[in-house]
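Report on the following structure.
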Amino acid sequence: MHKRIIRLLPRHRLYSSSSNDPLAHLTPHLKTLRTTLLPLLTSGNPTLSELTKYYFLHPSKHIRPVIVLLFSQATNGLGRSWPRKLLESKDLDLDRPLTRPDVLNDWNPAMQGSTREFEDVFLVKPSTAHTYPPSPRSHSPPSSTPSPSSPTLSDHHHEHLLPTQLRLAQIVEMLHTASLLHDDVIDASPLRRGAPSAPSKFGSKLSVLGGNFILGRASTALARLGDAEVTQLIASVISNLVEGEILQMRDVKDKDVGVEGKTKNAWTVYLQKTYLKTASLMAKGARSAVVLGGCEEGEVWKDIAYAYGRNLGIAFQLIDDILDYESTSTPGSADLTLGKPGGADLQLGLATGPALYAWEEFPEMGELIGRKFEGPGDVEMARSLVHRSSGVHRTKLLAKEFAEKAKEVLDELPESVAKNGLVALTEKVVGRRS
Ligand code: FPP
Ligand code: MG
């Protein structure tokens with residue numbers, strides 16, 4: 001059954017290898033990203049290794065890494081510190097630990113020579129087999145300032161990717177995957193990416209622990225980027241994801257205001273939650289990519305990246321919330337296009353954009369939302385009200401508005417293949433069917 005679903009599913013891609021596709025040039029980078037990501041997740045425990053790699057083995061849209069890669073390419077060479085970043089990248093080894101490997105890895109038979117058996121007594125005297133000459137970058141930035149002949153902005157740099165930026169793309173995908181492992185436990189979802197969800201296959205306890213393990217590995221990789229601002233940005237996304245999930249659980253209970261006041265308040269919470277659980281990772285991921293490329297405070301590039309990711313992320317989630325209503329599968333059962341159950345939001349008690357708009361047209365929706373669609377027939381009634389209202393249509397218009405704002409902020413970027421890709425992404429996000 002699960003193999004059949006995978007075969008029937010379209011590849012979940014927002015790009016194709018066709019030469020007309022403005023995102024096609026990313027294909028080799030995304031391939032490298034995937035192949036070099038799996039070793040970051042290896043553990044001494046085979047079940048944990050299998051679980052943490054599980055979602056990475058199924059088709060994914062990779063939208064978060066795509067944003068990171070495109071913003072890197074679109075802004076590299078523009079920032080004041082680009083020459084220094086380029087110079088530093090020359091002797092950078094992102095896989096070389098900042099602390100001795102046999103301490104960092106604890107115990108991992110897959111990492112021969114850099115892990116210690118517990119049968120050994122740990123000696124203070126460093127063994128020659130485990131020395132790790134730290135790279136110059138790991139303790140202090142290179143003392144040499146870029147000479148006049150150092151690289152400056154050129155077309156070549158414009159499409160250039162630094163190893164730190166590729167690693168950042170992997171880190172954001174790791175964070176996203178960790179959050180999905182937790183989300184599928186919280187939502188009790190049976191399916192993800194066209195296959196049984198991690199909790200269905202491995203159980204809830206392992207899925208929660210696996211998500212935490214991925215966060216740990218992502219944090220190690222984040223530290224190795226050696227950029228305090230990026231560490232701060234990405235760490236704050238982890239808190240945002242949790243805040244978004246908690247906000248989503250909040251009841252809509254403002255009994256003292258009329259329907260208009262209640263829906264307004266519900267919209268405020270809904271959009272805030274949408275930023276926290278979806279757009280924050282895209283916005284701060286894009287901003288981090290630009291920081292790694294040497295853009296500084298006072299230059300406009302970081303804010304462009306953040307504004308793009310924030311607006312696109314909200315548009316992306318609004319479309320996700322529409323697709324849940326447009327699913328033709330029986331609520332709760334597998335939708336072959338989405339690769340997960342359709343109609344899940346109402347079952348989970350969630351009032352998203354389409355339901356909130358429907359509330360403005362049908363006041364009786366307020367009661368259903370208030371009791372989280374838990375009464376007999378509530379889910380069916382709410383679904384019918386949404387379909388009789390203009391809720392889906394208006395949510396789509398709102399998504400288009402956010403996507404259009406994402407596109408507008410790109411105006412100040414110089415022309416490039418990557419900029420075209422970022423523009424194309426705003427259109428693909430609004431037009432997507434899965
Ligand atoms: C999918 O939403 C879920 C998210 C975008 C974020 C989930 C965040 C957490 C569970 C907090 C924990 C975070 C970390 C980093 C461990 P959805 O349920 O609307 O979409 P779906 O239909 O794809 O499941
Ligand atoms: Mg979910």
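Ordering of the structure tokens sets the chain letters (A, B, ...); residue numbers start at 1 within each chain; ligands are numbered from 1 in the order shown.
Where the distance criterion is 10 Å and the atoms used are only C-alpha atoms and all ligand atoms, the residues close to ligand 2 are A:Ser179, A:Leu180, A:Leu181, A:His182, A:Asp183, A:Asp184, A:Val185, A:Ile186, A:Asp187, A:Ala188, A:Ser189, A:Pro190, A:Leu191, A:Arg192, A:Glu245, A:Lys340, A:Pro341, A:Ala344, A:Asp345, A:Leu348.
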Please give the complete set of residues from range 246-408 of chain A that DSSP, run on the backbone, assigns to strand (DSSP E or B), formatted as a compact mmCIF listing (two decimals) with N, CA and C atoms, in the first residue's frame.
```
# COMPACT_ATOMS: atom_id res chain seq x y z
N ALA A 334 -6.06 9.35 3.13
CA ALA A 334 -4.92 9.77 2.30
C ALA A 334 -5.33 10.56 1.07
N ASP A 335 -4.67 11.69 0.85
CA ASP A 335 -4.85 12.44 -0.38
C ASP A 335 -3.59 12.20 -1.20
N LYS A 340 -0.62 13.38 2.27
CA LYS A 340 -1.02 13.34 3.68
C LYS A 340 -2.55 13.40 3.71
N PRO A 341 -3.16 13.23 4.85
CA PRO A 341 -4.62 13.28 4.86
C PRO A 341 -5.14 14.67 4.50
```
Contact residues around range 272-287 of chain A with only C-alpha atoms at 7 Å, ignoring same-chain residues under 5 positions, as number ranges by chain: A: 64, 67-68, 71, 172, 233-234, 237, 240-241, 243-245, 247-248, 302, 305-310, 313-314, 317
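The nearest approach to Asp93 in chain A among the residues A:Leu338, A:Ala221, A:Val124, A:Ala178, with only C-alpha atoms taken into account, belongs to A:Ala221.
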Using Å and a single decimal, report how far CA of Leu175 in chain A sits from CA of Ile238 in chain A.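 According to the coordinates, CA of Ile238 in chain A and CA of Leu175 in chain A are separated by 7.5 Å.
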As an exercise, work out the distance from CA of Val392 in chain A to CA of Glu374 in chain A in Å and give it to one decimal place.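 CA of Val392 in chain A sits 22.0 Å away from CA of Glu374 in chain A.
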Go through A:Asn105, A:Thr99, A:Asn76, A:Ser114 one by one, measure the shortest atom-to-atom distance of each to Leu161 in chain A using only C-alpha atoms, and give the residue with the smallest value.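 Once distances to Leu161 in chain A are computed over only C-alpha atoms, the minimum belongs to A:Asn76.
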Write out as number ranges by chain which residues come within 12 Å of range 34-43 of chain A when counting only C-alpha atoms, dropping same-chain ones fewer than 2 positions away. A: 27-32, 45-60, 62, 65, 94-95, 105-111, 115, 163, 166-174, 177-178, 210-222
Test item: residues at most 12 Å from range 356-367 of chain A, only C-alpha atoms, excluding those fewer than 2 positions along its chain, as number ranges by chain: A: 251-255, 257-271, 318, 321-322, 346, 350-354, 369-375, 378-398
For Val66 in chain A, the closest of A:Pro83, A:Gly44, A:Pro101, A:Gly421 counting only C-alpha atoms is A:Gly421
Helix (DSSP H, G or I) positions in range 347-395 of chain A, given as a PyMOL selection string: chain A and resi 347+353-361+365-370+378-388+391-395
Which residue, A:Val417, A:Asp21, A:Gly79, A:Lys61, has the smallest gap to Val429 in chain A when you use only C-alpha atoms?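 Looking at the shortest contact to Val429 in chain A, the residue is A:Lys61.
We find CA of Pro97 in chain A and CA of Arg224 in chain A to be spaced 7.2 Å apart.
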